[in-house]
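Structure file run_32.tsv (TSV, C-alpha atoms and all ligand atoms) follows.
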chain	number	residue	atom	x	y	z
A	79	MET	CA	-7.93	15.95	-14.94
A	80	ASN	CA	-4.31	15.98	-13.70
A	81	VAL	CA	-3.51	13.37	-11.08
A	82	LEU	CA	-0.14	13.27	-9.33
A	83	ILE	CA	0.95	9.96	-7.81
A	84	THR	CA	3.87	9.85	-5.39
A	85	GLY	CA	5.44	6.39	-5.31
A	86	GLY	CA	3.95	5.72	-8.74
A	87	ALA	CA	6.88	3.48	-9.72
A	88	GLY	CA	6.19	1.14	-6.81
A	89	PHE	CA	4.10	-2.00	-6.48
A	90	ILE	CA	0.75	-0.40	-5.57
A	91	GLY	CA	1.38	3.09	-7.00
A	92	SER	CA	2.18	1.78	-10.49
A	93	THR	CA	-0.99	-0.35	-10.45
A	94	VAL	CA	-3.01	2.73	-9.45
A	95	ALA	CA	-1.30	4.71	-12.24
A	96	ASP	CA	-2.12	2.03	-14.85
A	97	LEU	CA	-5.79	2.02	-13.84
A	98	LEU	CA	-6.09	5.83	-13.87
A	99	ILE	CA	-4.40	6.08	-17.28
A	100	SER	CA	-6.76	3.41	-18.65
A	101	LYS	CA	-9.64	5.61	-17.47
A	102	GLY	CA	-8.26	8.64	-19.35
A	103	TYR	CA	-6.63	10.61	-16.51
A	104	THR	CA	-3.39	12.51	-17.06
A	105	VAL	CA	-0.91	10.97	-14.62
A	106	ILE	CA	2.21	12.60	-13.21
A	107	ILE	CA	4.52	10.38	-11.18
A	108	VAL	CA	6.95	11.49	-8.48
A	109	ASP	CA	9.30	8.74	-7.33
A	110	ASN	CA	12.89	8.51	-6.09
A	111	PHE	CA	13.26	4.87	-7.22
A	112	SER	CA	14.43	3.75	-3.78
A	113	THR	CA	12.32	0.60	-4.30
A	114	GLY	CA	10.32	1.51	-7.42
A	115	LYS	CA	11.28	0.29	-10.88
A	116	ARG	CA	11.47	2.16	-14.15
A	117	GLU	CA	9.76	-0.65	-16.06
A	118	TYR	CA	6.67	-0.23	-13.85
A	119	VAL	CA	6.17	3.38	-14.95
A	120	HIS	CA	3.42	3.57	-17.57
A	121	PRO	CA	4.77	5.05	-20.82
A	122	LYS	CA	1.94	7.61	-20.85
A	123	ALA	CA	2.79	8.90	-17.36
A	124	LYS	CA	4.95	11.99	-16.94
A	125	LEU	CA	7.81	11.08	-14.62
A	126	TYR	CA	9.74	13.22	-12.13
A	127	GLU	CA	12.60	11.39	-10.46
A	128	ILE	CA	12.71	13.24	-7.18
A	129	ASP	CA	12.42	12.57	-3.47
A	130	VAL	CA	9.25	13.85	-1.79
A	131	CYS	CA	11.56	15.26	0.89
A	132	ASP	CA	13.25	17.49	-1.69
A	133	ARG	CA	10.94	20.39	-0.90
A	134	THR	CA	12.18	22.78	-3.58
A	135	SER	CA	11.93	20.26	-6.43
A	136	LEU	CA	8.53	19.06	-5.20
A	137	MET	CA	7.24	22.66	-5.18
A	138	THR	CA	8.49	23.08	-8.77
A	139	VAL	CA	6.62	19.95	-9.90
A	140	PHE	CA	3.38	21.15	-8.28
A	141	ARG	CA	3.81	24.66	-9.71
A	142	GLN	CA	4.39	23.28	-13.23
A	143	GLU	CA	1.83	20.47	-13.25
A	144	LYS	CA	-0.97	21.97	-11.11
A	145	PRO	CA	-2.44	18.58	-10.17
A	146	ASN	CA	-6.14	18.47	-9.24
A	147	ILE	CA	-5.79	15.26	-7.21
A	148	VAL	CA	-2.80	13.75	-5.38
A	149	TYR	CA	-2.36	10.09	-4.47
A	150	HIS	CA	0.35	9.87	-1.84
A	151	LEU	CA	1.91	6.40	-1.77
A	152	ALA	CA	5.63	7.18	-1.57
A	153	ALA	CA	6.92	5.75	1.70
A	154	GLN	CA	9.65	3.75	3.34
A	155	ILE	CA	7.68	0.49	3.80
A	156	ASN	CA	10.12	-1.85	5.52
A	157	VAL	CA	9.18	-2.46	9.19
A	158	ALA	CA	12.61	-3.87	10.12
A	159	HIS	CA	14.33	-0.87	8.53
A	160	SER	CA	12.08	1.48	10.53
A	161	ILE	CA	13.36	-0.11	13.74
A	162	LEU	CA	17.01	0.07	12.64
A	163	ASP	CA	16.69	3.65	11.40
A	164	PRO	CA	13.64	5.48	12.79
A	165	THR	CA	15.00	8.84	11.60
A	166	SER	CA	15.07	8.07	7.89
A	167	ASP	CA	11.72	6.26	8.19
A	168	ALA	CA	10.17	9.36	9.81
A	169	GLN	CA	11.83	11.63	7.26
A	170	SER	CA	10.27	9.78	4.31
A	171	ASN	CA	6.91	8.93	5.82
A	172	ILE	CA	6.11	11.84	8.14
A	173	MET	CA	8.07	14.77	6.71
A	174	GLY	CA	7.48	13.49	3.16
A	175	THR	CA	3.72	13.65	3.74
A	176	ILE	CA	3.96	17.13	5.25
A	177	TYR	CA	5.86	18.37	2.17
A	178	VAL	CA	3.21	16.80	-0.08
A	179	MET	CA	0.46	18.52	1.94
A	180	GLU	CA	2.34	21.81	1.91
A	181	CYS	CA	2.65	21.74	-1.90
A	182	SER	CA	-0.93	20.51	-2.30
A	183	THR	CA	-2.42	23.35	-0.25
A	184	LYS	CA	-0.14	25.92	-1.89
A	185	TYR	CA	-1.02	24.91	-5.45
A	186	GLY	CA	-4.78	24.34	-5.06
A	187	VAL	CA	-5.00	20.54	-5.05
A	188	LYS	CA	-8.64	19.56	-4.45
A	189	LYS	CA	-8.01	16.28	-2.68
A	190	VAL	CA	-5.19	14.09	-1.33
A	191	ILE	CA	-5.71	10.34	-1.07
A	192	TYR	CA	-3.25	8.86	1.39
A	193	SER	CA	-2.17	5.21	1.46
A	194	SER	CA	-2.07	4.11	5.07
A	195	SER	CA	-1.71	0.68	6.59
A	196	ALA	CA	-3.17	-1.89	8.98
A	197	ALA	CA	0.14	-1.36	10.83
A	198	VAL	CA	-1.40	1.72	12.49
A	199	TYR	CA	-3.66	-0.58	14.57
A	200	GLY	CA	-0.98	-2.80	16.10
A	201	ASP	CA	-1.99	-6.05	17.77
A	202	VAL	CA	-5.75	-5.93	18.35
A	203	ALA	CA	-7.56	-8.86	20.00
A	204	GLN	CA	-11.05	-8.00	18.75
A	205	LEU	CA	-11.40	-8.91	15.05
A	206	PRO	CA	-12.31	-7.66	12.53
A	207	ILE	CA	-10.73	-4.28	13.24
A	208	ALA	CA	-12.93	-1.30	12.43
A	209	GLU	CA	-11.64	2.19	11.60
A	210	ASP	CA	-12.64	3.64	14.99
A	211	GLN	CA	-10.23	1.30	16.79
A	212	VAL	CA	-7.68	3.33	18.75
A	213	LYS	CA	-4.35	3.39	16.91
A	214	GLN	CA	-1.61	1.49	18.76
A	215	PRO	CA	1.24	0.99	16.30
A	216	GLN	CA	3.86	-1.57	17.30
A	217	SER	CA	6.73	-0.27	15.18
A	218	PHE	CA	8.22	3.02	13.99
A	219	TYR	CA	6.76	2.21	10.58
A	220	GLY	CA	3.25	1.88	12.09
A	221	LEU	CA	3.81	5.18	13.85
A	222	SER	CA	5.15	6.94	10.76
A	223	LYS	CA	2.11	5.78	8.75
A	224	ALA	CA	-0.31	6.75	11.55
A	225	LEU	CA	0.84	10.29	12.28
A	226	PRO	CA	0.39	11.62	8.70
A	227	GLU	CA	-3.31	10.64	8.90
A	228	ASP	CA	-3.68	13.28	11.62
A	229	TYR	CA	-1.69	15.79	9.56
A	230	LEU	CA	-4.11	15.33	6.67
A	231	ALA	CA	-7.06	16.04	8.97
A	232	MET	CA	-5.26	19.09	10.41
A	233	TYR	CA	-4.46	20.47	6.93
A	234	ALA	CA	-8.12	20.01	5.98
A	235	LYS	CA	-9.08	21.98	9.08
A	236	PHE	CA	-6.95	25.01	8.17
A	237	PHE	CA	-6.93	24.87	4.35
A	238	PRO	CA	-9.58	24.27	1.68
A	239	ILE	CA	-8.45	20.73	0.86
A	240	ASP	CA	-10.20	17.39	1.00
A	241	TYR	CA	-8.66	14.00	1.81
A	242	THR	CA	-9.34	10.29	2.16
A	243	VAL	CA	-7.18	7.86	4.12
A	244	LEU	CA	-7.12	4.28	2.81
A	245	ARG	CA	-5.75	1.75	5.29
A	246	TYR	CA	-4.70	-1.36	3.41
A	247	ALA	CA	-4.57	-4.86	4.85
A	248	ASN	CA	-1.79	-7.12	3.44
A	249	ALA	CA	-1.47	-6.27	-0.23
A	250	TYR	CA	-0.29	-8.84	-2.76
A	251	GLY	CA	-0.03	-9.23	-6.50
A	252	ILE	CA	2.13	-8.70	-9.55
A	253	ARG	CA	5.18	-6.38	-9.00
A	254	GLN	CA	5.38	-6.91	-5.24
A	255	ASP	CA	8.92	-6.88	-3.91
A	256	PRO	CA	9.66	-9.86	-1.61
A	257	MET	CA	11.43	-7.42	0.77
A	258	GLY	CA	8.39	-5.21	1.35
A	259	GLU	CA	5.65	-4.96	3.97
A	260	GLY	CA	3.27	-7.91	3.86
A	261	GLY	CA	5.55	-9.56	1.37
A	262	VAL	CA	4.84	-13.13	2.50
A	263	ILE	CA	3.11	-14.00	-0.78
A	264	SER	CA	5.96	-12.66	-2.89
A	265	ILE	CA	8.49	-14.42	-0.63
A	266	PHE	CA	6.67	-17.76	-1.00
A	267	LEU	CA	6.35	-17.12	-4.72
A	268	SER	CA	10.07	-16.60	-5.19
A	269	LYS	CA	10.68	-19.88	-3.32
A	270	ILE	CA	8.14	-21.69	-5.52
A	271	LEU	CA	9.70	-20.31	-8.70
A	272	GLN	CA	13.17	-21.43	-7.56
A	273	GLU	CA	11.75	-24.75	-6.32
A	274	GLU	CA	13.17	-24.13	-2.84
A	275	THR	CA	11.81	-25.03	0.60
A	276	ILE	CA	9.12	-22.67	1.88
A	277	VAL	CA	10.03	-21.39	5.33
A	278	ILE	CA	7.28	-20.45	7.79
A	279	HIS	CA	7.98	-18.53	10.99
A	280	GLY	CA	6.09	-20.03	13.95
A	281	ASP	CA	3.45	-22.74	13.63
A	282	GLY	CA	1.82	-21.22	10.53
A	283	GLU	CA	-1.49	-20.76	12.34
A	284	GLN	CA	-1.09	-16.96	12.38
A	285	THR	CA	-3.64	-15.36	10.07
A	286	ARG	CA	-3.63	-12.43	7.67
A	287	ASP	CA	-6.14	-10.52	5.58
A	288	PHE	CA	-4.89	-10.45	1.98
A	289	VAL	CA	-6.16	-7.93	-0.54
A	290	TYR	CA	-5.30	-8.01	-4.23
A	291	VAL	CA	-3.43	-5.02	-5.67
A	292	LYS	CA	-5.95	-4.49	-8.49
A	293	ASP	CA	-8.73	-4.23	-5.91
A	294	ILE	CA	-6.64	-1.66	-4.02
A	295	ALA	CA	-6.26	0.31	-7.26
A	296	ARG	CA	-10.07	0.25	-7.74
A	297	ALA	CA	-10.51	1.59	-4.20
A	298	ASN	CA	-8.14	4.45	-5.01
A	299	LEU	CA	-10.10	5.27	-8.16
A	300	ALA	CA	-13.36	5.24	-6.16
A	301	ALA	CA	-11.84	7.59	-3.55
A	302	LEU	CA	-11.20	10.24	-6.20
A	303	ASP	CA	-14.60	11.83	-5.56
A	304	LYS	CA	-15.98	9.85	-2.62
A	305	ALA	CA	-15.35	9.30	1.12
A	306	SER	CA	-14.60	12.94	1.85
A	307	LYS	CA	-12.49	13.31	5.03
A	308	LYS	CA	-12.93	9.62	5.83
A	309	ILE	CA	-10.60	6.86	6.99
A	310	ILE	CA	-11.43	3.61	5.22
A	311	ASN	CA	-10.08	0.07	5.58
A	312	ILE	CA	-9.34	-1.67	2.29
A	313	SER	CA	-9.36	-5.38	2.97
A	314	SER	CA	-10.92	-8.73	2.18
A	315	ASN	CA	-12.24	-9.11	5.75
A	316	THR	CA	-11.25	-12.77	5.61
A	317	SER	CA	-8.58	-14.66	7.55
A	318	THR	CA	-6.11	-16.98	5.91
A	319	SER	CA	-3.48	-18.80	7.91
A	320	ILE	CA	0.08	-18.73	6.62
A	321	LYS	CA	0.03	-22.52	6.51
A	322	GLN	CA	-3.13	-22.49	4.35
A	323	LEU	CA	-1.56	-19.84	2.15
A	324	ALA	CA	1.56	-21.94	1.50
A	325	THR	CA	-0.57	-24.96	0.58
A	326	MET	CA	-2.82	-22.90	-1.72
A	327	MET	CA	0.17	-21.41	-3.49
A	328	THR	CA	2.04	-24.68	-4.07
A	329	SER	CA	-1.14	-26.30	-5.34
A	330	ILE	CA	-1.94	-23.40	-7.76
A	331	ALA	CA	1.64	-23.56	-9.02
A	332	ALA	CA	1.23	-27.34	-9.48
A	333	LYS	CA	4.11	-27.99	-7.08
A	334	PRO	CA	2.25	-29.62	-4.16
A	335	SER	CA	5.25	-31.65	-3.07
A	336	LEU	CA	7.50	-28.63	-2.45
A	337	PRO	CA	8.73	-28.96	1.17
A	338	ILE	CA	7.53	-26.56	3.88
A	339	THR	CA	9.58	-26.06	7.07
A	340	TYR	CA	8.79	-24.24	10.31
A	341	ILE	CA	11.27	-22.11	12.23
A	342	GLU	CA	11.00	-19.91	15.32
A	343	SER	CA	8.43	-17.10	15.18
A	344	ARG	CA	9.61	-13.56	14.62
A	345	GLN	CA	9.58	-11.20	17.57
A	346	GLY	CA	6.84	-8.61	17.36
A	347	ASP	CA	4.88	-10.40	14.62
A	348	ILE	CA	1.13	-9.84	14.89
A	349	VAL	CA	-0.70	-13.16	15.41
A	350	HIS	CA	-4.04	-12.37	13.78
A	351	SER	CA	-5.05	-9.47	11.59
A	352	ARG	CA	-8.32	-8.85	9.76
A	353	LEU	CA	-9.86	-5.52	8.83
A	354	ASP	CA	-13.56	-4.78	8.63
A	355	ASN	CA	-14.46	-3.39	5.20
A	356	LYS	CA	-18.05	-2.22	5.74
A	357	GLN	CA	-17.04	1.46	5.52
A	358	ALA	CA	-15.48	0.84	2.11
A	359	GLN	CA	-18.69	-0.74	0.92
A	360	TYR	CA	-20.73	2.15	2.28
A	361	HIS	CA	-18.59	5.17	1.34
A	362	LEU	CA	-16.75	3.92	-1.76
A	363	SER	CA	-19.26	1.34	-3.05
A	364	TRP	CA	-16.18	-0.87	-3.05
A	365	GLU	CA	-15.69	-4.50	-2.21
A	366	PRO	CA	-12.96	-6.86	-3.31
A	367	SER	CA	-13.63	-8.42	-6.69
A	368	TYR	CA	-10.86	-11.02	-6.38
A	369	THR	CA	-10.97	-13.99	-4.03
A	370	LEU	CA	-7.56	-15.02	-2.70
A	371	GLN	CA	-7.68	-18.05	-4.99
A	372	ALA	CA	-8.31	-15.82	-8.04
A	373	GLY	CA	-5.70	-13.20	-7.13
A	374	LEU	CA	-3.07	-15.83	-6.36
A	375	GLY	CA	-3.95	-17.63	-9.58
A	376	GLU	CA	-3.42	-14.50	-11.67
A	377	THR	CA	-0.16	-13.62	-9.88
A	378	ILE	CA	1.35	-17.12	-9.94
A	379	ARG	CA	0.42	-17.71	-13.60
A	380	TYR	CA	2.02	-14.36	-14.53
A	381	TYR	CA	5.33	-15.27	-12.88
A	382	LEU	CA	5.33	-18.85	-14.15
A	383	GLU	CA	4.97	-17.48	-17.70
A	384	GLN	CA	7.88	-15.05	-17.11
A	385	ASN	CA	10.09	-17.74	-15.61
B	401	LIG	N1	2.36	-3.49	0.35
B	401	LIG	C1	1.50	-3.56	1.37
B	401	LIG	O1	1.09	-4.64	1.81
B	401	LIG	C2	1.00	-2.29	2.00
B	401	LIG	C3	0.10	-2.41	3.05
B	401	LIG	C4	-0.37	-1.26	3.66
B	401	LIG	C5	0.03	-0.02	3.21
B	401	LIG	N2	0.92	0.09	2.20
B	401	LIG	C6	1.31	1.44	1.77
B	401	LIG	O2	1.13	1.55	0.37
B	401	LIG	C7	2.11	2.45	-0.19
B	401	LIG	C8	2.80	1.79	-1.35
B	401	LIG	O3	3.46	0.62	-0.88
B	401	LIG	P1	4.07	-0.46	-1.86
B	401	LIG	O4	3.85	-1.79	-1.25
B	401	LIG	O5	3.64	-0.20	-3.25
B	401	LIG	O6	5.62	-0.15	-1.69
B	401	LIG	P2	6.76	0.13	-2.77
B	401	LIG	O7	8.05	0.19	-2.00
B	401	LIG	O8	6.67	-0.82	-3.91
B	401	LIG	O9	6.37	1.57	-3.28
B	401	LIG	C9	6.81	2.76	-2.68
B	401	LIG	C10	7.26	3.67	-3.79
B	401	LIG	O10	7.61	4.94	-3.23
B	401	LIG	C11	8.90	5.31	-3.68
B	401	LIG	N3	9.48	6.12	-2.61
B	401	LIG	C12	9.82	5.71	-1.37
B	401	LIG	N4	10.29	6.76	-0.64
B	401	LIG	C13	10.21	7.84	-1.46
B	401	LIG	C14	10.54	9.21	-1.29
B	401	LIG	N5	11.04	9.65	-0.14
B	401	LIG	N6	10.36	10.06	-2.33
B	401	LIG	C15	9.86	9.60	-3.52
B	401	LIG	N7	9.53	8.32	-3.73
B	401	LIG	C16	9.71	7.45	-2.71
B	401	LIG	C17	9.64	4.02	-3.96
B	401	LIG	O11	10.69	4.16	-4.89
B	401	LIG	C18	8.51	3.17	-4.51
B	401	LIG	O12	8.36	3.34	-5.91
B	401	LIG	C19	3.02	2.84	0.96
B	401	LIG	O13	2.64	4.11	1.43
B	401	LIG	C20	2.76	1.76	2.02
B	401	LIG	O14	2.98	2.27	3.31
B	401	LIG	C21	1.43	-1.02	1.58
Could you spell out this file's structure in structure tokens?
Amino acid sequence: MNVLITGGAGFIGSTVADLLISKGYTVIIVDNFSTGKREYVHPKAKLYEIDVCDRTSLMTVFRQEKPNIVYHLAAQINVAHSILDPTSDAQSNIMGTIYVMECSTKYGVKKVIYSSSAAVYGDVAQLPIAEDQVKQPQSFYGLSKALPEDYLAMYAKFFPIDYTVLRYANAYGIRQDPMGEGGVISIFLSKILQEETIVIHGDGEQTRDFVYVKDIARANLAALDKASKKIINISSNTSTSIKQLATMMTSIAAKPSLPITYIESRQGDIVHSRLDNKQAQYHLSWEPSYTLQAGLGETIRYYLEQN
């Protein structure tokens, strides 16, 4: 089976690609390397270095490769950038998805699996957040991840194509760029590796729901033939405060005396976020296999060995 992955040179996309290749799928990657890295591309994957907004080139790839399944992960993922430049954010995330759907419907793709985000929910008081929560994004990025979900549903209404939307909580793990969305773990990690002070915005009591990248990849594999036309949260459904996180990380790295300082909180930061994952258990038979302790352990050990 031919599987095309957009953003397959990125943090999550390359992990999805590795898993699919290990299961025997033929993987085609489309990536413009805006944040992706060549060394993340699996040697068995066929690579096309193009932008998903380059409609003509994208059509050519679909015509040549005739993918059966498409995983759409390519996106501009930086929230701050989306506020500085909403146009380019919308171009990549909204128009990029429409081009992917256009090619997919034209060349007979069976199913598109779209990587969405907890950012579509915005600041919700009632936790954990279930998938039927009204979307109230708080940034252009949240908006540009939310709107394509509706495009997928609309395409499935007018064309014979299936889809699943996976809304990830805060992803973490090996290959995460400290500049990206939910990058707090990779930011703390780079401080730990350089033995520098860890800086926390606010009082550190804000909480997040962290999900390990390998668990996200497993959810993508499960969605290949399950959860038809469904929106599914992919999360740990547990809350960890940023303060707790910093302490866990310094202790796993055996650097418990590394200083931690607190500075003013960032405007617009969500205070608490936790996603319900019952739908993932029900429709994908998926639940996280890594605890935060285990996922952090694997990630930190990997980077300590590289250092
Ligand atoms: N990292 C998280 O915590 C998180 C949380 C929720 C959702 N997501 C979603 O998961 C997906 C993957 O995110 P990630 O963290 O791996 O980010 P990433 O930046 O590592 O990966 C994105 C990949 O897409 C490529 N890309 C970007 N724009 C492109 C374009 N226009 N054409 C072709 N390729 C393009 C980049 O080069 C990169 O390889 C994104 O859709 C993101 O919105 C991520």
Once you count all atoms listed in the file, what closest atom pair and distance in Å to one decimal does each residue of chain A within 6 Å of ligand LIG 401 (chain B) have, with rows by chain and rising residue number, as CSV?
residue,atom,partner,partner_atom,distance
A:Gly85,CA,B:LIG401,O10,3.3
A:Gly86,CA,B:LIG401,O12,5.8
A:Ala87,CA,B:LIG401,O12,4.1
A:Gly88,CA,B:LIG401,O12,3.2
A:Phe89,CA,B:LIG401,O5,3.7
A:Ile90,CA,B:LIG401,O5,3.7
A:Gly91,CA,B:LIG401,O5,5.5
A:Asp109,CA,B:LIG401,N7,3.6
A:Asn110,CA,B:LIG401,N7,4.1
A:Phe111,CA,B:LIG401,O11,3.5
A:Ser112,CA,B:LIG401,O11,3.9
A:Thr113,CA,B:LIG401,O11,4.0
A:Gly114,CA,B:LIG401,O12,3.1
A:Ile128,CA,B:LIG401,C15,5.9
A:Asp129,CA,B:LIG401,N6,3.4
A:Val130,CA,B:LIG401,N6,4.0
A:Cys131,CA,B:LIG401,N5,5.7
A:Leu151,CA,B:LIG401,O13,4.0
A:Ala152,CA,B:LIG401,O10,3.4
A:Ala153,CA,B:LIG401,C12,4.2
A:Gln154,CA,B:LIG401,N4,5.0
A:Ile155,CA,B:LIG401,O14,5.0
A:Ser170,CA,B:LIG401,N5,4.5
A:Ser193,CA,B:LIG401,O13,4.9
A:Ser194,CA,B:LIG401,C5,5.0
A:Ser195,CA,B:LIG401,C4,3.8
A:Tyr246,CA,B:LIG401,C4,4.3
A:Ala247,CA,B:LIG401,C3,5.6
A:Asn248,CA,B:LIG401,O1,4.1
A:Ala249,CA,B:LIG401,O1,3.7
A:Glu259,CA,B:LIG401,O1,5.1
A:Gly260,CA,B:LIG401,O1,4.4
Q: Anything within 8 Å of (7.9, -13.0, -10.2): list those residues as a list in words, counting only C-alpha atoms and sticking to the file's coordinates.
A: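 Every polymer residue passing the test: Ile252, Arg253, Ser264, Leu267, Ser268, Leu271, Ile378, Tyr380, Tyr381, Leu382, Gln384 and Asn385 of chain A.
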Q) Got a sec to check which residues sit within 6 Å of (-10.1, 0.5, 4.3), counting only C-alpha atoms, and write them as a PyMOL selection string? A) chain A and resi 244-246+310-312+355+358
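One finds CA of Phe288 (chain A) at 21.7 Å from CA of Lys333 (chain A).
Shortest atom-to-atom contact with Phe218 (chain A) among A:Glu342, A:Asp281, A:Asp167, A:Glu273: A:Asp167, counting all atoms listed in the file.
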Mind checking which residues fall within 10 Å of Tyr250 (chain A), counting all atoms listed in the file, ignoring those fewer than 4 positions away in the same chain, and posting them as a PDB file with C-alpha atoms, in the frame of the given file?
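Okay, selection_9.pdb is ready:
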ATOM      1  CA  PHE A  89       4.100  -2.000  -6.480  1.00  0.00           C
ATOM      2  CA  ILE A  90       0.750  -0.400  -5.570  1.00  0.00           C
ATOM      3  CA  GLN A 254       5.380  -6.910  -5.240  1.00  0.00           C
ATOM      4  CA  ASP A 255       8.920  -6.880  -3.910  1.00  0.00           C
ATOM      5  CA  GLU A 259       5.650  -4.960   3.970  1.00  0.00           C
ATOM      6  CA  GLY A 260       3.270  -7.910   3.860  1.00  0.00           C
ATOM      7  CA  GLY A 261       5.550  -9.560   1.370  1.00  0.00           C
ATOM      8  CA  VAL A 262       4.840 -13.130   2.500  1.00  0.00           C
ATOM      9  CA  ILE A 263       3.110 -14.000  -0.780  1.00  0.00           C
ATOM     10  CA  SER A 264       5.960 -12.660  -2.890  1.00  0.00           C
ATOM     11  CA  PHE A 288      -4.890 -10.450   1.980  1.00  0.00           C
ATOM     12  CA  VAL A 289      -6.160  -7.930  -0.540  1.00  0.00           C
ATOM     13  CA  TYR A 290      -5.300  -8.010  -4.230  1.00  0.00           C
ATOM     14  CA  VAL A 291      -3.430  -5.020  -5.670  1.00  0.00           C
ATOM     15  CA  LYS A 292      -5.950  -4.490  -8.490  1.00  0.00           C
ATOM     16  CA  ILE A 294      -6.640  -1.660  -4.020  1.00  0.00           C
ATOM     17  CA  LEU A 370      -7.560 -15.020  -2.700  1.00  0.00           C
ATOM     18  CA  GLY A 373      -5.700 -13.200  -7.130  1.00  0.00           C
ATOM     19  CA  LEU A 374      -3.070 -15.830  -6.360  1.00  0.00           C
ATOM     20  CA  THR A 377      -0.160 -13.620  -9.880  1.00  0.00           C
TER      21      THR A 377
END
Q) Between CA of Ile348 (chain A) and CA of Arg286 (chain A), what is the spacing in Å? A)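 So the answer is 9.0 Å.
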Q.
So the first atom is CA of Trp364 (chain A) and the second is CA of Val148 (chain A); what is the distance between them in Å, to one decimal place?
A.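 Separation of CA of Trp364 (chain A) and CA of Val148 (chain A): 20.0 Å.
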Q) Between A:Ile265, A:Val212, A:Leu205, A:Leu125, which has the minimum distance to Ser317 (chain A) (counting only C-alpha atoms)? A)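 Among A:Ile265, A:Val212, A:Leu205, A:Leu125, it is A:Leu205 that comes nearest to Ser317 (chain A).
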Q | Among listed residues A:Asn156, A:Ser100, A:Asn298, A:Thr84, nearest Ser363 (chain A) (using all atoms listed in the file) | A |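 Checking each candidate against Ser363 (chain A), we get A:Asn298 as the closest.
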Q: Have a look at A:Phe140, A:Tyr229, A:Tyr149, A:Tyr199 and name the one nearest to Gly186 (chain A); count only C-alpha atoms.
A: A:Phe140
Produce the centre coordinates and the three edge lengths, each in Å to one decimal, of the box along x, y and z that contains all listed atoms of region 300-319 of chain A with 5 Å added on each side, as AutoDock Vina command-line options.
--center_x -9.7 --center_y -2.7 --center_z 0.9 --size_x 22.5 --size_y 42.1 --size_z 24.1
